[in-house]
>>> print(open('query-v5.cif').read())   # mmCIF, C-alpha atoms
data_final
loop_
_atom_site.label_atom_id
_atom_site.label_comp_id
_atom_site.auth_asym_id
_atom_site.auth_seq_id
_atom_site.Cartn_x
_atom_site.Cartn_y
_atom_site.Cartn_z
CA MET Z 1 66.63 119.99 118.81
CA SER Z 2 64.76 118.21 121.60
CA ILE Z 3 63.40 114.65 121.65
CA LEU Z 4 61.08 112.98 124.12
CA ILE Z 5 60.76 109.20 123.98
CA LYS Z 6 57.89 108.01 126.15
CA ASN Z 7 56.00 104.82 127.06
CA ILE Z 8 59.26 102.86 126.76
CA LYS Z 9 58.71 99.20 127.68
CA GLN Z 10 62.29 98.94 128.99
CA LEU Z 11 64.88 101.71 129.26
CA VAL Z 12 68.06 99.65 129.34
CA GLN Z 13 71.47 100.34 130.91
CA VAL Z 14 70.32 103.16 133.20
CA HIS Z 15 72.85 104.54 135.66
CA HIS Z 16 72.01 107.43 137.96
CA ASN Z 17 75.73 107.96 138.60
CA ASN Z 18 78.30 107.85 135.85
CA VAL Z 19 79.58 104.27 135.84
CA THR Z 20 82.44 103.82 133.35
CA ILE Z 21 83.15 100.05 133.61
CA VAL Z 22 81.52 96.94 135.08
CA LYS Z 23 83.47 93.88 136.22
CA GLY Z 24 82.96 90.29 137.29
CA ASP Z 25 79.65 89.60 139.03
CA ASP Z 26 78.51 93.18 138.39
CA MET Z 27 78.29 92.30 134.69
CA LYS Z 28 75.35 90.02 135.52
CA THR Z 29 73.27 93.08 136.46
CA LEU Z 30 71.74 95.24 133.74
CA PRO Z 31 69.84 98.18 135.28
CA ILE Z 32 66.53 98.90 133.54
CA LEU Z 33 63.44 101.02 134.04
CA GLU Z 34 60.08 99.55 133.05
CA ASP Z 35 57.48 101.87 131.46
CA ALA Z 36 59.83 104.81 131.21
CA TYR Z 37 60.69 107.98 129.32
CA VAL Z 38 63.91 109.73 128.31
CA TYR Z 39 64.35 113.36 127.28
CA ILE Z 40 67.14 114.66 125.02
CA GLU Z 41 68.25 118.21 124.23
CA ASN Z 42 70.70 118.75 121.40
CA ASP Z 43 73.21 115.89 121.78
CA THR Z 44 72.74 115.19 125.50
CA ILE Z 45 70.57 113.02 127.73
CA ILE Z 46 68.87 115.50 130.05
CA GLU Z 47 66.30 113.49 131.99
CA TYR Z 48 64.66 110.10 132.29
CA GLY Z 49 62.34 108.32 134.68
CA LEU Z 50 59.19 106.27 135.09
CA MET Z 51 56.05 107.23 133.22
CA LYS Z 52 54.14 107.32 136.51
CA ASP Z 53 56.43 110.20 137.54
CA TYR Z 54 56.36 111.93 134.15
CA ALA Z 55 55.44 115.60 134.04
CA THR Z 56 54.73 117.27 130.71
CA ILE Z 57 57.87 118.11 128.73
CA ASP Z 58 57.66 120.40 125.71
CA ALA Z 59 59.81 118.61 123.12
CA LYS Z 60 60.09 119.34 119.42
CA THR Z 61 59.89 115.63 118.56
CA VAL Z 62 57.94 113.03 120.53
CA ILE Z 63 58.41 109.30 119.95
CA ASP Z 64 55.87 106.85 121.33
CA ALA Z 65 57.89 103.72 122.19
CA THR Z 66 55.01 101.58 123.40
CA GLY Z 67 56.18 97.96 123.52
CA LYS Z 68 59.71 98.98 122.50
CA LEU Z 69 63.11 99.05 124.17
CA VAL Z 70 65.56 101.95 124.31
CA LEU Z 71 69.22 101.29 125.02
CA PRO Z 72 72.60 102.91 124.38
CA SER Z 73 74.08 102.51 120.91
CA TRP Z 74 76.68 99.79 120.55
CA CYS Z 75 80.30 100.73 121.25
CA ASP Z 76 82.54 98.72 118.92
CA SER Z 77 86.07 99.05 120.30
CA HIS Z 78 87.97 97.03 117.68
CA THR Z 79 87.54 97.50 113.92
CA HIS Z 80 89.60 97.69 110.74
CA LEU Z 81 86.74 99.33 108.86
CA VAL Z 82 88.97 101.34 106.51
CA TYR Z 83 90.22 98.97 103.83
CA ALA Z 84 90.09 98.62 100.05
CA GLY Z 85 88.40 95.90 98.05
CA HIS Z 86 87.63 92.48 99.53
CA ARG Z 87 89.14 89.04 100.15
CA ILE Z 88 86.31 86.81 98.99
CA ASN Z 89 88.72 84.45 97.20
CA GLU Z 90 90.44 83.73 100.51
CA PHE Z 91 87.06 82.94 102.06
CA VAL Z 92 86.58 80.29 99.39
CA ASP Z 93 90.15 79.03 99.91
CA ARG Z 94 89.45 78.48 103.61
CA ILE Z 95 86.30 76.53 102.75
CA LYS Z 96 88.51 74.34 100.56
CA GLY Z 97 90.79 73.64 103.52
CA LEU Z 98 93.53 76.27 103.64
CA SER Z 99 94.23 77.80 107.03
CA TYR Z 100 94.57 81.52 107.84
CA ASN Z 101 98.36 81.12 108.14
CA GLU Z 102 98.64 79.09 104.93
CA ILE Z 103 96.82 81.82 103.02
CA ALA Z 104 99.10 84.45 104.58
CA LYS Z 105 102.23 82.52 103.58
CA ARG Z 106 101.00 82.54 99.96
CA GLY Z 107 100.87 86.36 99.97
CA GLY Z 108 97.25 86.58 101.00
CA GLY Z 109 95.80 87.92 104.22
CA ILE Z 110 96.96 91.31 105.47
CA LEU Z 111 99.57 91.66 102.70
CA ASN Z 112 96.85 91.18 100.10
CA SER Z 113 94.81 94.00 101.65
CA ALA Z 114 97.91 96.19 101.90
CA LYS Z 115 98.69 95.76 98.21
CA THR Z 116 95.12 96.70 97.25
CA LEU Z 117 94.99 99.69 99.59
CA GLN Z 118 98.32 101.07 98.39
CA ALA Z 119 96.93 101.10 94.83
CA THR Z 120 93.64 102.76 95.86
CA SER Z 121 93.24 106.53 95.78
CA GLU Z 122 92.52 108.35 99.01
CA ASP Z 123 89.11 109.54 97.81
CA ASP Z 124 88.14 106.03 96.67
CA LEU Z 125 89.27 104.59 100.00
CA TYR Z 126 87.18 107.21 101.80
CA GLN Z 127 84.06 106.45 99.78
CA GLN Z 128 84.36 102.68 100.32
CA SER Z 129 84.88 103.23 104.04
CA LEU Z 130 82.07 105.76 104.37
CA GLU Z 131 79.62 103.23 102.94
CA ARG Z 132 80.72 100.68 105.56
CA LEU Z 133 80.56 103.25 108.35
CA ASN Z 134 77.03 104.32 107.46
CA HIS Z 135 75.99 100.68 107.36
CA VAL Z 136 77.30 99.89 110.86
CA ILE Z 137 75.65 103.04 112.21
CA SER Z 138 72.35 101.89 110.72
CA MET Z 139 72.80 98.62 112.66
CA GLY Z 140 73.12 100.45 115.97
CA THR Z 141 76.79 101.31 116.40
CA GLY Z 142 77.25 104.83 117.76
CA ALA Z 143 80.92 104.75 118.74
CA LEU Z 144 83.77 102.76 117.22
CA GLU Z 145 87.52 102.46 117.03
CA ILE Z 146 89.15 102.25 113.60
CA LYS Z 147 92.71 101.03 113.05
CA THR Z 148 95.22 101.53 110.28
CA GLY Z 149 97.36 98.51 109.39
CA TYR Z 150 96.64 97.89 105.73
CA GLY Z 151 99.17 100.49 104.64
CA LEU Z 152 102.49 99.15 105.96
CA THR Z 153 104.39 102.07 104.38
CA VAL Z 154 104.65 105.64 105.59
CA ASP Z 155 102.58 107.01 102.72
CA ALA Z 156 99.84 104.36 102.91
CA GLU Z 157 99.56 104.44 106.71
CA LEU Z 158 99.27 108.24 106.59
CA LYS Z 159 96.65 107.90 103.86
CA MET Z 160 94.65 105.62 106.14
CA LEU Z 161 94.98 108.03 109.05
CA ARG Z 162 93.71 110.92 106.93
CA VAL Z 163 90.75 108.85 105.72
CA ILE Z 164 89.82 107.80 109.25
CA ASP Z 165 90.13 111.38 110.45
CA ARG Z 166 87.87 112.55 107.62
CA LEU Z 167 85.28 109.97 108.64
CA LYS Z 168 85.63 111.16 112.24
CA GLN Z 169 85.09 114.79 111.29
CA GLU Z 170 82.17 114.18 108.94
CA SER Z 171 80.30 111.41 110.78
CA LYS Z 172 77.96 111.76 113.74
CA ALA Z 173 79.41 108.59 115.30
CA ASN Z 174 82.23 108.89 117.81
CA ILE Z 175 85.39 107.50 116.19
CA GLN Z 176 88.65 106.70 117.98
CA ILE Z 177 91.79 106.21 115.88
CA THR Z 178 94.56 103.64 116.31
CA LEU Z 179 97.91 103.35 114.50
CA LEU Z 180 98.54 99.69 113.63
CA ALA Z 181 101.61 99.86 111.42
CA ALA Z 182 102.80 96.65 113.11
CA HIS Z 183 100.05 94.53 111.55
CA ALA Z 184 102.27 92.38 109.31
CA VAL Z 185 105.74 92.44 107.75
CA PRO Z 186 105.53 93.57 104.10
CA GLU Z 187 107.02 91.59 101.22
CA ASP Z 188 109.87 94.09 100.82
CA TYR Z 189 111.01 93.15 104.32
CA LYS Z 190 110.30 89.42 104.06
CA ASN Z 191 113.76 88.43 105.27
CA LYS Z 192 114.48 91.71 107.06
CA HIS Z 193 112.08 91.60 110.00
CA GLU Z 194 114.21 93.78 112.29
CA GLU Z 195 114.58 96.39 109.57
CA TYR Z 196 110.79 96.70 109.33
CA VAL Z 197 110.53 97.20 113.08
CA ASP Z 198 113.22 99.91 112.68
CA TYR Z 199 111.11 101.43 109.89
CA ILE Z 200 108.01 101.52 112.10
CA VAL Z 201 109.90 103.04 115.02
CA ASN Z 202 111.99 105.55 113.09
CA ASN Z 203 109.67 106.47 110.21
CA ILE Z 204 106.02 105.53 110.50
CA ILE Z 205 105.40 106.43 114.14
CA PRO Z 206 107.11 109.87 114.00
CA LYS Z 207 105.40 110.78 110.71
CA ALA Z 208 102.02 109.63 112.05
CA ALA Z 209 102.58 111.65 115.21
CA GLU Z 210 103.11 114.79 113.10
CA LEU Z 211 99.54 114.46 111.84
CA ASN Z 212 98.28 114.35 115.44
CA ILE Z 213 95.38 112.08 114.43
CA ALA Z 214 95.90 108.74 116.21
CA ARG Z 215 95.20 108.36 119.92
CA TYR Z 216 96.24 104.71 120.26
CA ILE Z 217 98.97 102.38 119.02
CA ASP Z 218 98.49 98.67 118.35
CA VAL Z 219 100.70 95.68 117.51
CA PHE Z 220 99.76 92.22 116.22
CA CYS Z 221 101.76 90.27 118.82
CA GLU Z 222 101.65 86.79 117.31
CA GLU Z 223 103.92 84.09 115.89
CA GLY Z 224 104.93 84.99 112.35
CA TYR Z 225 104.09 88.64 112.93
CA PHE Z 226 105.60 90.54 115.89
CA SER Z 227 107.29 89.09 118.96
CA VAL Z 228 106.94 90.32 122.52
CA LYS Z 229 110.34 91.99 122.12
CA ASP Z 230 109.20 93.73 118.90
CA THR Z 231 105.96 94.75 120.58
CA GLU Z 232 107.71 96.32 123.56
CA ARG Z 233 110.04 98.29 121.31
CA ILE Z 234 107.12 99.61 119.25
CA LEU Z 235 105.10 100.52 122.35
CA ASN Z 236 108.08 102.39 123.80
CA ALA Z 237 108.42 104.32 120.55
CA GLY Z 238 104.73 105.17 120.60
CA ALA Z 239 104.92 106.30 124.22
CA LYS Z 240 107.31 109.07 123.19
CA PHE Z 241 104.37 110.55 121.30
CA GLN Z 242 101.78 109.80 124.01
CA LEU Z 243 100.19 106.98 122.00
CA ILE Z 244 98.25 104.64 124.33
CA PRO Z 245 98.63 100.88 123.72
CA LYS Z 246 95.80 98.60 122.52
CA LEU Z 247 97.09 95.17 121.56
CA HIS Z 248 96.22 92.16 119.41
CA VAL Z 249 97.29 89.20 121.60
CA ASN Z 250 96.69 85.45 122.02
CA GLN Z 251 94.75 84.93 118.80
CA PHE Z 252 96.60 81.74 117.90
CA ASN Z 253 99.42 81.47 120.45
CA ILE Z 254 100.27 82.62 123.97
CA LEU Z 255 103.51 84.61 123.81
CA GLY Z 256 103.27 86.79 126.91
CA GLY Z 257 101.58 89.73 125.22
CA VAL Z 258 98.87 90.04 127.88
CA ALA Z 259 101.35 90.66 130.70
CA LEU Z 260 103.29 93.04 128.45
CA GLY Z 261 100.11 95.00 127.74
CA VAL Z 262 99.27 95.29 131.43
CA ALA Z 263 102.85 96.37 132.21
CA HIS Z 264 102.56 99.13 129.60
CA ASN Z 265 99.13 100.25 130.87
CA ALA Z 266 97.42 99.17 127.65
CA LEU Z 267 93.80 100.26 127.51
CA SER Z 268 92.82 96.86 126.12
CA VAL Z 269 94.15 93.49 125.04
CA ASP Z 270 92.04 92.02 122.25
CA HIS Z 271 91.33 88.53 120.86
CA LEU Z 272 92.40 86.20 123.71
CA GLU Z 273 91.09 83.10 121.98
CA GLU Z 274 93.99 81.41 123.77
CA LEU Z 275 94.34 82.13 127.48
CA ASN Z 276 96.08 80.72 130.55
CA ASN Z 277 96.11 81.37 134.28
CA ASP Z 278 99.16 83.63 134.03
CA ASP Z 279 97.19 85.90 131.70
CA ILE Z 280 94.29 86.01 134.16
CA GLU Z 281 96.60 86.92 137.03
CA ALA Z 282 98.31 89.59 134.94
CA LEU Z 283 94.95 91.18 134.07
CA LYS Z 284 94.03 91.30 137.77
CA CYS Z 285 97.05 93.53 138.38
CA GLY Z 286 96.06 96.42 136.13
CA ASN Z 287 93.29 98.41 134.49
CA THR Z 288 93.61 96.80 131.06
CA ILE Z 289 90.30 95.45 129.76
CA PRO Z 290 90.16 92.18 127.79
CA VAL Z 291 88.15 92.32 124.56
CA ALA Z 292 86.55 89.29 122.89
CA LEU Z 293 85.97 89.19 119.12
CA PRO Z 294 83.43 86.40 118.58
CA ASN Z 295 82.68 87.31 114.94
CA CYS Z 296 86.31 86.53 114.09
CA SER Z 297 86.17 83.15 115.82
CA TYR Z 298 82.95 82.37 113.95
CA PHE Z 299 84.34 83.33 110.56
CA LEU Z 300 87.73 81.60 110.95
CA ASN Z 301 86.29 78.63 112.85
CA ILE Z 302 88.82 79.02 115.66
CA PRO Z 303 88.30 78.85 119.46
CA TYR Z 304 86.25 81.53 121.19
CA THR Z 305 87.55 83.74 123.97
CA PRO Z 306 86.89 82.01 127.34
CA ALA Z 307 84.56 84.72 128.61
CA ARG Z 308 83.36 82.76 131.63
CA GLN Z 309 86.92 82.31 132.86
CA LEU Z 310 87.53 86.06 132.64
CA ILE Z 311 84.25 87.22 134.16
CA ASP Z 312 84.26 84.60 136.91
CA ALA Z 313 87.75 85.80 137.86
CA GLY Z 314 86.23 89.20 138.64
CA LEU Z 315 87.47 90.87 135.46
CA PRO Z 316 85.61 93.11 133.02
CA LEU Z 317 85.05 92.06 129.40
CA ALA Z 318 84.12 93.95 126.26
CA ILE Z 319 82.99 92.50 122.94
CA ALA Z 320 83.69 94.00 119.51
CA THR Z 321 83.31 92.98 115.87
CA ASP Z 322 86.93 93.03 114.58
CA TYR Z 323 85.36 94.26 111.30
CA ASN Z 324 87.96 93.57 108.60
CA PRO Z 325 88.08 92.03 105.10
CA GLY Z 326 89.93 88.84 106.01
CA SER Z 327 88.80 87.38 109.31
CA ALA Z 328 85.59 89.23 110.24
CA PRO Z 329 83.95 90.94 107.25
CA SER Z 330 80.96 92.17 109.23
CA GLY Z 331 80.49 95.17 111.50
CA ASN Z 332 77.26 93.77 112.93
CA MET Z 333 77.39 94.22 116.72
CA HIS Z 334 74.05 92.42 117.02
CA LEU Z 335 75.74 89.30 115.64
CA ALA Z 336 78.63 89.75 118.10
CA LEU Z 337 76.11 90.06 120.94
CA SER Z 338 74.31 86.86 119.96
CA ALA Z 339 77.62 85.01 119.52
CA ALA Z 340 78.71 86.18 122.96
CA CYS Z 341 75.64 84.49 124.44
CA ILE Z 342 75.63 81.37 122.29
CA LYS Z 343 79.36 80.67 121.98
CA LEU Z 344 80.95 82.51 124.93
CA ASN Z 345 78.21 81.44 127.36
CA MET Z 346 77.53 85.00 128.47
CA THR Z 347 74.10 86.00 129.73
CA PRO Z 348 72.21 88.65 127.74
CA ALA Z 349 72.89 91.13 130.56
CA GLU Z 350 76.63 90.40 130.46
CA ALA Z 351 76.72 90.66 126.68
CA ILE Z 352 74.91 94.02 126.61
CA ASN Z 353 77.23 95.35 129.32
CA ALA Z 354 80.18 94.14 127.22
CA ALA Z 355 78.83 95.81 124.06
CA THR Z 356 77.92 99.16 125.65
CA ILE Z 357 79.61 100.47 128.78
CA ASN Z 358 82.64 98.15 128.62
CA GLY Z 359 82.99 98.65 124.88
CA ALA Z 360 83.07 102.39 125.52
CA TYR Z 361 85.73 101.87 128.21
CA ALA Z 362 87.84 99.83 125.76
CA MET Z 363 88.10 102.86 123.50
CA GLY Z 364 88.43 105.44 126.26
CA VAL Z 365 85.03 107.12 125.93
CA SER Z 366 82.90 105.56 128.68
CA ASN Z 367 82.73 108.86 130.55
CA MET Z 368 80.35 110.12 127.83
CA TYR Z 369 79.07 106.98 126.05
CA GLY Z 370 77.74 103.52 126.81
CA SER Z 371 74.92 104.12 129.29
CA ILE Z 372 71.70 106.05 129.85
CA THR Z 373 72.99 108.68 132.27
CA ARG Z 374 72.16 112.36 132.64
CA GLY Z 375 74.81 114.40 130.85
CA LYS Z 376 76.00 111.62 128.56
CA LYS Z 377 75.74 111.77 124.78
CA ALA Z 378 72.38 110.86 123.28
CA ASN Z 379 73.40 107.84 121.18
CA LEU Z 380 70.43 105.50 121.43
CA ILE Z 381 68.75 102.53 119.80
CA VAL Z 382 64.94 102.32 119.71
CA THR Z 383 63.92 98.74 118.98
CA THR Z 384 60.87 97.27 117.37
CA PRO Z 385 58.36 95.84 119.88
CA MET Z 386 59.85 92.97 121.88
CA PRO Z 387 59.23 91.30 125.25
CA GLY Z 388 62.50 92.33 126.90
CA TYR Z 389 66.22 92.91 126.41
CA GLU Z 390 66.92 89.15 126.42
CA ALA Z 391 65.17 88.99 123.04
CA ILE Z 392 67.95 91.04 121.39
CA PRO Z 393 70.59 88.24 121.32
CA TYR Z 394 67.87 85.58 121.11
CA HIS Z 395 66.68 86.85 117.72
CA PHE Z 396 70.09 86.53 116.09
CA GLY Z 397 70.26 87.84 112.55
CA ASN Z 398 66.98 89.74 112.76
CA ASN Z 399 66.67 93.48 112.25
CA TYR Z 400 65.13 94.68 115.52
CA ILE Z 401 65.98 98.39 115.11
CA ASP Z 402 63.15 100.87 114.66
CA GLU Z 403 65.05 104.15 115.02
CA ILE Z 404 68.65 105.28 115.61
CA ILE Z 405 69.55 108.47 117.46
CA ILE Z 406 73.16 109.67 117.12
CA ASN Z 407 74.30 112.79 118.98
CA GLY Z 408 70.67 113.77 119.47
CA ASP Z 409 69.75 113.43 115.78
CA ILE Z 410 67.25 110.89 114.52
CA LEU Z 411 68.74 109.11 111.51
CA THR Z 412 66.43 108.50 108.57
#
>>> encode(input="query-v5.cif", output="structure tokens")
Amino acid sequence: MSILIKNIKQLVQVHHNNVTIVKGDDMKTLPILEDAYVYIENDTIIEYGLMKDYATIDAKTVIDATGKLVLPSWCDSHTHLVYAGHRINEFVDRIKGLSYNEIAKRGGGILNSAKTLQATSEDDLYQQSLERLNHVISMGTGALEIKTGYGLTVDAELKMLRVIDRLKQESKANIQITLLAAHAVPEDYKNKHEEYVDYIVNNIIPKAAELNIARYIDVFCEEGYFSVKDTERILNAGAKFQLIPKLHVNQFNILGGVALGVAHNALSVDHLEELNNDDIEALKCGNTIPVALPNCSYFLNIPYTPARQLIDAGLPLAIATDYNPGSAPSGNMHLALSAACIKLNMTPAEAINAATINGAYAMGVSNMYGSITRGKKANLIVTTPMPGYEAIPYHFGNNYIDEIIINGDILT
């Protein structure tokens, strides 16, 4: 299979050398080629350049992208895409005035999703999740992380891992898998918090490791969920099985989870709606990337991650959807991109960097995804005609996608 895309108005996120992360002021620069072409063989970007330098290439499929943009597919580094059912009633409860924590204390929230998932067959869970996955791919996502966390028992967490692995094997998208058994404390352990941490450490993590499916381990480090002490114990248990940390931190409270993540060489620390100078200084001392989840802030009507503070401190930033049934029931990276500009005060260039190359870094795949670079995977978005890349976040809510290419295949 070979594809030639020519007469491209803007070829976006072009790197002649393999850049795997951009930080601070460098995020303000988005390298583009005007009036360009790109050539793909099988699943790989082989060549690109300016049309004035183009020499005839014999490709099986030729796409005329006159007036259109071509850019890397979105890299969504934080999702909970595998879940059962929905939580629409909780959405209505929040409109009526109940908070996220009040709903959780009534048995809603994560525990509600866990109860539904435990009662859902593995095949049914797969079919529900496959429909969501295909939808986010159609909206431009070519690589994504998917977490467990709605199981909360050995059997249900393993069921989730098997479903995610099946999606990974059968989908053209790149999928990275995270074990999030420490997402909430189940009802059976309501007054036995330490016993549930024991259960995670002694039962869930070893059994999950036997499947050899998950690459990462995550903890919801937050008041009412898991303390810094709990988080460290769980991370240490995961390290025995070479599970790399990715953490939920600072969504509602600052507990010290950012510094803990950096100390444990976490790949990312996600949420960060609350942030202080100590967190900034901690992030400067490691290679952990902060990840903002603006769709969650929008849906829950909570503060947004202070992106300017992070970027202006010279740090990198990724953005992701947090796709889940309770606090961000949308896997639309286009919406996250627009929210990053409108609510996080990021420039379009910064937001696209955060959603492509830095998103790929935040799931450990930026060596092969996230930019237009020779030798990288051919996961591309071809837009409808538009004046320039700034129009992508500007036209929030619009469908600007003309064609999707995943691993060198044009999706129909």
>>> resolve_selection(input="query-v5.cif", expression="the PyMOL selection byres ((chain Z and resi 225-227) around 10)", output="number ranges by chain")
Z: 182-185, 193-194, 197, 219-224, 228-234, 255-257
>>> write_last_selection(input="query-v5.cif", atoms="C-alpha atoms", output="tab-separated table (two decimals), in the frame of the given file")
chain	number	residue	atom	x	y	z
Z	182	ALA	CA	102.80	96.65	113.11
Z	183	HIS	CA	100.05	94.53	111.55
Z	184	ALA	CA	102.27	92.38	109.31
Z	185	VAL	CA	105.74	92.44	107.75
Z	193	HIS	CA	112.08	91.60	110.00
Z	194	GLU	CA	114.21	93.78	112.29
Z	197	VAL	CA	110.53	97.20	113.08
Z	219	VAL	CA	100.70	95.68	117.51
Z	220	PHE	CA	99.76	92.22	116.22
Z	221	CYS	CA	101.76	90.27	118.82
Z	222	GLU	CA	101.65	86.79	117.31
Z	223	GLU	CA	103.92	84.09	115.89
Z	224	GLY	CA	104.93	84.99	112.35
Z	228	VAL	CA	106.94	90.32	122.52
Z	229	LYS	CA	110.34	91.99	122.12
Z	230	ASP	CA	109.20	93.73	118.90
Z	231	THR	CA	105.96	94.75	120.58
Z	232	GLU	CA	107.71	96.32	123.56
Z	233	ARG	CA	110.04	98.29	121.31
Z	234	ILE	CA	107.12	99.61	119.25
Z	255	LEU	CA	103.51	84.61	123.81
Z	256	GLY	CA	103.27	86.79	126.91
Z	257	GLY	CA	101.58	89.73	125.22
>>> resolve_selection(input="query-v5.cif", expression="the PyMOL selection byres ((chain Z and resi 149) around 6)", output="VMD selection string")
chain Z and resid 148 150 to 151 180 to 181 183
>>> resolve_selection(input="query-v5.cif", expression="the PyMOL selection byres ((chain Z and resi 139) around 12)", output="VMD selection string")
chain Z and resid 73 to 76 132 to 138 140 to 143 330 to 336 380 to 383 397 to 406 411
>>> atom_distance(input="query-v5.cif", atom1="CA of Asn367 (chain Z)", atom2="CA of Ser77 (chain Z)")
14.6 Å
>>> atom_distance(input="query-v5.cif", atom1="CA of Asp218 (chain Z)", atom2="CA of Ala378 (chain Z)")
29.2 Å
>>> closest_residue(input="query-v5.cif", among="Z:Thr373, Z:Asn7, Z:Asn17, Z:Asn202", to="Tyr54 (chain Z)", atoms="only C-alpha atoms")
Z:Asn7
>>> residues_around(input="query-v5.cif", residues="Pro303 (chain Z)", least_positions_apart="2", cutoff="9 Å", atoms="all atoms listed in the file", output="MDAnalysis selection string")
chainID Z and resid 251:252 273:274 297:298 300:301 305:306
>>> closest_residue(input="query-v5.cif", among="Z:Asn277, Z:Thr29, Z:Gln128, Z:Gln10", to="Ala349 (chain Z)", atoms="all atoms listed in the file")
Z:Thr29
>>> closest_residue(input="query-v5.cif", among="Z:Gly238, Z:Pro348, Z:Gly314, Z:Gly326", to="Gly109 (chain Z)", atoms="only C-alpha atoms")
Z:Gly326
>>> axis_aligned_box(input="query-v5.cif", around="region 68-77 of chain Z", padding_each_side="8 Å", output="lines of an AutoDock Vina configuration file")
center_x = 72.9
center_y = 100.8
center_z = 122.0
size_x = 42.4
size_y = 20.2
size_z = 22.1
>>> closest_residue(input="query-v5.cif", among="Z:Val154, Z:Ile254, Z:Leu161, Z:Val70", to="Leu211 (chain Z)", atoms="only C-alpha atoms")
Z:Leu161
>>> residues_near_point(input="query-v5.cif", point="(94.9, 114.0, 108.6)", cutoff="10 Å", atoms="all atoms listed in the file", output="MDAnalysis selection string")
chainID Z and resid 158:166 208 210:214
>>> closest_residue(input="query-v5.cif", among="Z:Thr79, Z:Ser371, Z:Asn358, Z:Ser2", to="Ile57 (chain Z)", atoms="only C-alpha atoms")
Z:Ser2
>>> atom_distance(input="query-v5.cif", atom1="CA of Phe91 (chain Z)", atom2="CA of Ala119 (chain Z)")
21.9 Å
>>> closest_residue(input="query-v5.cif", among="Z:His271, Z:Tyr361, Z:Lys60, Z:Ala307", to="Ile289 (chain Z)", atoms="only C-alpha atoms")
Z:Tyr361
>>> decode(input="query-v5.cif", residues="region 187-203 of chain Z", atoms="C-alpha atoms", output="PDB file, in the first residue's frame")
ATOM      1  CA  GLU Z 187     -18.114  -0.586  49.181  1.00  0.00           C
ATOM      2  CA  ASP Z 188     -16.887  -3.887  50.636  1.00  0.00           C
ATOM      3  CA  TYR Z 189     -13.865  -2.022  51.994  1.00  0.00           C
ATOM      4  CA  LYS Z 190     -15.702   1.150  53.013  1.00  0.00           C
ATOM      5  CA  ASN Z 191     -14.259   1.140  56.529  1.00  0.00           C
ATOM      6  CA  LYS Z 192     -11.225  -0.990  55.673  1.00  0.00           C
ATOM      7  CA  HIS Z 193      -9.152   1.330  53.512  1.00  0.00           C
ATOM      8  CA  GLU Z 194      -5.795  -0.242  54.401  1.00  0.00           C
ATOM      9  CA  GLU Z 195      -7.139  -3.693  53.633  1.00  0.00           C
ATOM     10  CA  TYR Z 196      -8.049  -2.583  50.103  1.00  0.00           C
ATOM     11  CA  VAL Z 197      -4.551  -1.218  49.569  1.00  0.00           C
ATOM     12  CA  ASP Z 198      -3.281  -4.630  50.779  1.00  0.00           C
ATOM     13  CA  TYR Z 199      -5.641  -6.272  48.277  1.00  0.00           C
ATOM     14  CA  ILE Z 200      -4.288  -4.163  45.416  1.00  0.00           C
ATOM     15  CA  VAL Z 201      -0.678  -4.830  46.367  1.00  0.00           C
ATOM     16  CA  ASN Z 202      -0.981  -8.523  47.162  1.00  0.00           C
ATOM     17  CA  ASN Z 203      -3.700  -9.644  44.748  1.00  0.00           C
TER      18      ASN Z 203
END
